[in-house]
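Trainee: What follows is a single structure, and I will ask about it in a moment.
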Amino acid sequence: MIWTALAIGLAGSFHCIGMCGPIALALPANHGSKFSLVTGRILYNLGRAFTYAFIGLFAGLVGQSLSLAGAQQAISIISGVLILIIVLIPTGISQKLSLLKPAYGFTSLLKRKFSSLLTKKSLLSLFYIGIINGFLPCGLVYLALAGAVAMAGIAKGAAYMFLFGIGTLPVMLVVSLAGNFVSTELRIRINRWMPTIMVVIAILFILRGLNLGIPYISPELRQPGISDGSVICH
């Protein structure tokens, strides 16, 4: 199921243009070669991916702890249900809930860090900007974190979130290099498909947790200590 991280990142990258696009467009240029310009933009996006991987470590730790408690199937089902709720909840209700309000103070701190780094023109500063960017509150990141928890492992959780970041890289890289190459109309059309893709991924997580014995989709998970049916008498 780790491949779903790439799908979430790629499908959601057009949504990222709205939040992270202005930051990508404001990245300082080195006034050097085209190679250094592209390298700087890649470092910026890799910085975001590394931050996602760092956050994924903790999501994977939560999943691993629950898995050791024998709740591996439940984790996958709950993660799928959470993705469904986040995707299907009406926008009006989500705005009234104001789930991101506690993060507003933290966001202000990040913006101040952005201001100081944007004045610099080194390649390393672009990487740092990407790292800070990855901590910005984002509903799409929360969707990916639900999947990272379902991975039920620290390394797998980190890898899941890193792949999510890599999935957003192609579109965000082109945006940072070519500006608003995607028209608003096209972006709206693509974003209309995003909930459908997220629902499909959520259903896959739920099926995975149901332990139906379907290869690749819902493989049968054996509990530790349970053999293939043979009984050993002492």
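Residues are named by chain letter and number: chains run A, B, ... in the order of the structure tokens, numbers start at 1 in each chain, and ligands are numbered from 1 in the order shown.
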With a distance cut-off of 6 Å and only C-alpha atoms, select the neighbouring residues of stretch 62-74 of chain A, excluding the residue or stretch itself and same-chain residues fewer than 4 positions from it, and output the selection as a PyMOL selection string.
Mentor: chain A and resi 78+149-150+152-153+209
Trainee: Please produce a file of the residues just selected, as a CSV table (one decimal), in the first residue's frame, where the atoms kept are all heavy atoms.
Mentor:
chain,number,residue,atom,x,y,z
A,78,ILE,N,-9.4,2.1,10.3
A,78,ILE,CA,-9.6,3.5,10.9
A,78,ILE,C,-9.0,4.6,10.0
A,78,ILE,O,-9.6,5.6,9.8
A,78,ILE,CB,-9.1,3.6,12.3
A,78,ILE,CG1,-9.9,2.7,13.3
A,78,ILE,CG2,-9.1,5.0,12.9
A,78,ILE,CD1,-9.3,2.5,14.7
A,149,VAL,N,0.2,6.2,9.3
A,149,VAL,CA,-0.1,5.5,10.5
A,149,VAL,C,-0.5,4.0,10.2
A,149,VAL,O,-0.1,3.1,10.9
A,149,VAL,CB,-1.3,6.2,11.2
A,149,VAL,CG1,-1.8,5.3,12.4
A,149,VAL,CG2,-0.9,7.5,11.8
A,150,ALA,N,-1.2,3.8,9.1
A,150,ALA,CA,-1.6,2.5,8.6
A,150,ALA,C,-0.4,1.6,8.2
A,150,ALA,O,-0.5,0.4,8.2
A,150,ALA,CB,-2.6,2.6,7.5
A,152,ALA,N,2.1,1.2,10.0
A,152,ALA,CA,2.4,0.4,11.2
A,152,ALA,C,3.9,0.2,11.4
A,152,ALA,O,4.3,-1.0,11.8
A,152,ALA,CB,1.6,-0.9,11.3
A,153,GLY,N,4.8,1.1,11.1
A,153,GLY,CA,6.2,1.0,11.3
A,153,GLY,C,6.9,2.3,11.1
A,153,GLY,O,6.5,3.1,10.3
A,209,GLY,N,-7.6,-3.8,5.7
A,209,GLY,CA,-7.8,-4.1,7.1
A,209,GLY,C,-8.9,-5.2,7.3
A,209,GLY,O,-8.9,-5.8,8.4
Trainee: Write out as a PDB file with N, CA, C and O atoms, in the first residue's frame which residues come within 10 Å of A:Ile129 when counting only C-alpha atoms, dropping same-chain ones fewer than 2 positions away.
Mentor:
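This is the output file out-v9.pdb:
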ATOM      1  N   ILE A  23       4.801  30.533  -2.410  1.00  0.00           N
ATOM      2  CA  ILE A  23       6.140  30.393  -1.828  1.00  0.00           C
ATOM      3  C   ILE A  23       7.132  29.956  -2.900  1.00  0.00           C
ATOM      4  O   ILE A  23       8.246  30.484  -2.992  1.00  0.00           O
ATOM      5  N   ALA A  24       6.705  28.985  -3.715  1.00  0.00           N
ATOM      6  CA  ALA A  24       7.579  28.490  -4.789  1.00  0.00           C
ATOM      7  C   ALA A  24       7.915  29.597  -5.776  1.00  0.00           C
ATOM      8  O   ALA A  24       9.044  29.682  -6.283  1.00  0.00           O
ATOM      9  N   LEU A  27      10.638  32.115  -4.466  1.00  0.00           N
ATOM     10  CA  LEU A  27      11.989  31.636  -4.164  1.00  0.00           C
ATOM     11  C   LEU A  27      13.034  32.507  -4.844  1.00  0.00           C
ATOM     12  O   LEU A  27      12.894  32.843  -6.021  1.00  0.00           O
ATOM     13  N   LEU A  43      16.171  21.213  -4.556  1.00  0.00           N
ATOM     14  CA  LEU A  43      16.519  21.188  -3.133  1.00  0.00           C
ATOM     15  C   LEU A  43      15.364  21.697  -2.274  1.00  0.00           C
ATOM     16  O   LEU A  43      15.099  21.152  -1.190  1.00  0.00           O
ATOM     17  N   TYR A  44      14.666  22.712  -2.763  1.00  0.00           N
ATOM     18  CA  TYR A  44      13.501  23.234  -2.040  1.00  0.00           C
ATOM     19  C   TYR A  44      12.448  22.136  -1.866  1.00  0.00           C
ATOM     20  O   TYR A  44      11.918  21.913  -0.768  1.00  0.00           O
ATOM     21  N   ASN A  45      12.143  21.429  -2.941  1.00  0.00           N
ATOM     22  CA  ASN A  45      11.133  20.378  -2.883  1.00  0.00           C
ATOM     23  C   ASN A  45      11.601  19.171  -2.072  1.00  0.00           C
ATOM     24  O   ASN A  45      10.802  18.534  -1.379  1.00  0.00           O
ATOM     25  N   GLY A  47      13.532  19.430   0.470  1.00  0.00           N
ATOM     26  CA  GLY A  47      13.407  19.896   1.852  1.00  0.00           C
ATOM     27  C   GLY A  47      12.017  19.613   2.396  1.00  0.00           C
ATOM     28  O   GLY A  47      11.866  19.143   3.533  1.00  0.00           O
ATOM     29  N   ARG A  48      10.998  19.869   1.569  1.00  0.00           N
ATOM     30  CA  ARG A  48       9.623  19.561   1.987  1.00  0.00           C
ATOM     31  C   ARG A  48       9.466  18.055   2.224  1.00  0.00           C
ATOM     32  O   ARG A  48       8.871  17.622   3.210  1.00  0.00           O
ATOM     33  N   LEU A 110       6.649  30.439  11.433  1.00  0.00           N
ATOM     34  CA  LEU A 110       7.256  29.914  10.211  1.00  0.00           C
ATOM     35  C   LEU A 110       7.373  31.000   9.148  1.00  0.00           C
ATOM     36  O   LEU A 110       8.376  31.075   8.427  1.00  0.00           O
ATOM     37  N   LYS A 113      10.356  33.100   9.673  1.00  0.00           N
ATOM     38  CA  LYS A 113      11.558  32.398   9.230  1.00  0.00           C
ATOM     39  C   LYS A 113      11.698  32.467   7.711  1.00  0.00           C
ATOM     40  O   LYS A 113      12.798  32.625   7.180  1.00  0.00           O
ATOM     41  N   PHE A 114      10.555  32.356   7.027  1.00  0.00           N
ATOM     42  CA  PHE A 114      10.557  32.469   5.573  1.00  0.00           C
ATOM     43  C   PHE A 114      11.147  33.808   5.141  1.00  0.00           C
ATOM     44  O   PHE A 114      11.956  33.887   4.222  1.00  0.00           O
ATOM     45  N   SER A 115      10.699  34.868   5.794  1.00  0.00           N
ATOM     46  CA  SER A 115      11.113  36.226   5.405  1.00  0.00           C
ATOM     47  C   SER A 115      12.626  36.380   5.457  1.00  0.00           C
ATOM     48  O   SER A 115      13.232  36.995   4.578  1.00  0.00           O
ATOM     49  N   SER A 116      13.255  35.822   6.489  1.00  0.00           N
ATOM     50  CA  SER A 116      14.704  35.959   6.622  1.00  0.00           C
ATOM     51  C   SER A 116      15.443  35.113   5.589  1.00  0.00           C
ATOM     52  O   SER A 116      16.460  35.530   5.031  1.00  0.00           O
ATOM     53  N   LEU A 117      14.913  33.923   5.291  1.00  0.00           N
ATOM     54  CA  LEU A 117      15.583  33.036   4.338  1.00  0.00           C
ATOM     55  C   LEU A 117      15.412  33.490   2.896  1.00  0.00           C
ATOM     56  O   LEU A 117      16.283  33.250   2.057  1.00  0.00           O
ATOM     57  N   LEU A 118      14.284  34.147   2.596  1.00  0.00           N
ATOM     58  CA  LEU A 118      14.034  34.586   1.226  1.00  0.00           C
ATOM     59  C   LEU A 118      14.990  35.689   0.780  1.00  0.00           C
ATOM     60  O   LEU A 118      15.132  35.948  -0.410  1.00  0.00           O
ATOM     61  N   LEU A 124      21.662  26.231  -0.139  1.00  0.00           N
ATOM     62  CA  LEU A 124      21.316  25.656   1.159  1.00  0.00           C
ATOM     63  C   LEU A 124      20.094  26.351   1.758  1.00  0.00           C
ATOM     64  O   LEU A 124      19.253  25.705   2.395  1.00  0.00           O
ATOM     65  N   SER A 125      19.985  27.664   1.549  1.00  0.00           N
ATOM     66  CA  SER A 125      18.826  28.387   2.081  1.00  0.00           C
ATOM     67  C   SER A 125      17.535  27.913   1.423  1.00  0.00           C
ATOM     68  O   SER A 125      16.480  27.874   2.068  1.00  0.00           O
ATOM     69  N   LEU A 126      17.594  27.520   0.157  1.00  0.00           N
ATOM     70  CA  LEU A 126      16.412  27.002  -0.528  1.00  0.00           C
ATOM     71  C   LEU A 126      15.984  25.664   0.080  1.00  0.00           C
ATOM     72  O   LEU A 126      14.785  25.377   0.202  1.00  0.00           O
ATOM     73  N   PHE A 127      16.968  24.866   0.465  1.00  0.00           N
ATOM     74  CA  PHE A 127      16.664  23.590   1.125  1.00  0.00           C
ATOM     75  C   PHE A 127      15.994  23.857   2.470  1.00  0.00           C
ATOM     76  O   PHE A 127      15.019  23.187   2.835  1.00  0.00           O
ATOM     77  N   ILE A 131      12.290  22.808   4.024  1.00  0.00           N
ATOM     78  CA  ILE A 131      12.096  22.143   5.318  1.00  0.00           C
ATOM     79  C   ILE A 131      11.023  22.869   6.122  1.00  0.00           C
ATOM     80  O   ILE A 131      10.117  22.243   6.689  1.00  0.00           O
ATOM     81  N   ILE A 132      11.098  24.200   6.184  1.00  0.00           N
ATOM     82  CA  ILE A 132      10.112  24.975   6.940  1.00  0.00           C
ATOM     83  C   ILE A 132       8.743  24.862   6.291  1.00  0.00           C
ATOM     84  O   ILE A 132       7.713  24.727   6.974  1.00  0.00           O
ATOM     85  N   ASN A 133       8.719  24.914   4.975  1.00  0.00           N
ATOM     86  CA  ASN A 133       7.466  24.812   4.226  1.00  0.00           C
ATOM     87  C   ASN A 133       6.706  23.522   4.586  1.00  0.00           C
ATOM     88  O   ASN A 133       5.482  23.492   4.665  1.00  0.00           O
ATOM     89  N   GLY A 134       7.470  22.445   4.811  1.00  0.00           N
ATOM     90  CA  GLY A 134       6.845  21.163   5.119  1.00  0.00           C
ATOM     91  C   GLY A 134       6.075  21.144   6.419  1.00  0.00           C
ATOM     92  O   GLY A 134       5.210  20.282   6.616  1.00  0.00           O
TER      93      GLY A 134
END
Trainee: If you count only C-alpha atoms, which residues fall within 8 Å of A:Ile206, apart from same-chain ones fewer than 3 positions away, as a list of chain:residue names?
Mentor: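 My reading of the contact set: A:Ser76, A:Ile77, A:Ile78, A:Ser79, A:Gly80, A:Val81, A:Ala202, A:Ile203, A:Gly209, A:Leu210.
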Trainee: Kindly indicate which residue among A:Ile2, A:Val38, A:Leu204, A:Ile8 lies nearest to A:Ala148, using only C-alpha atoms for the distances.
Mentor: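 Checking each candidate against A:Ala148, we get A:Ile2 as the closest.
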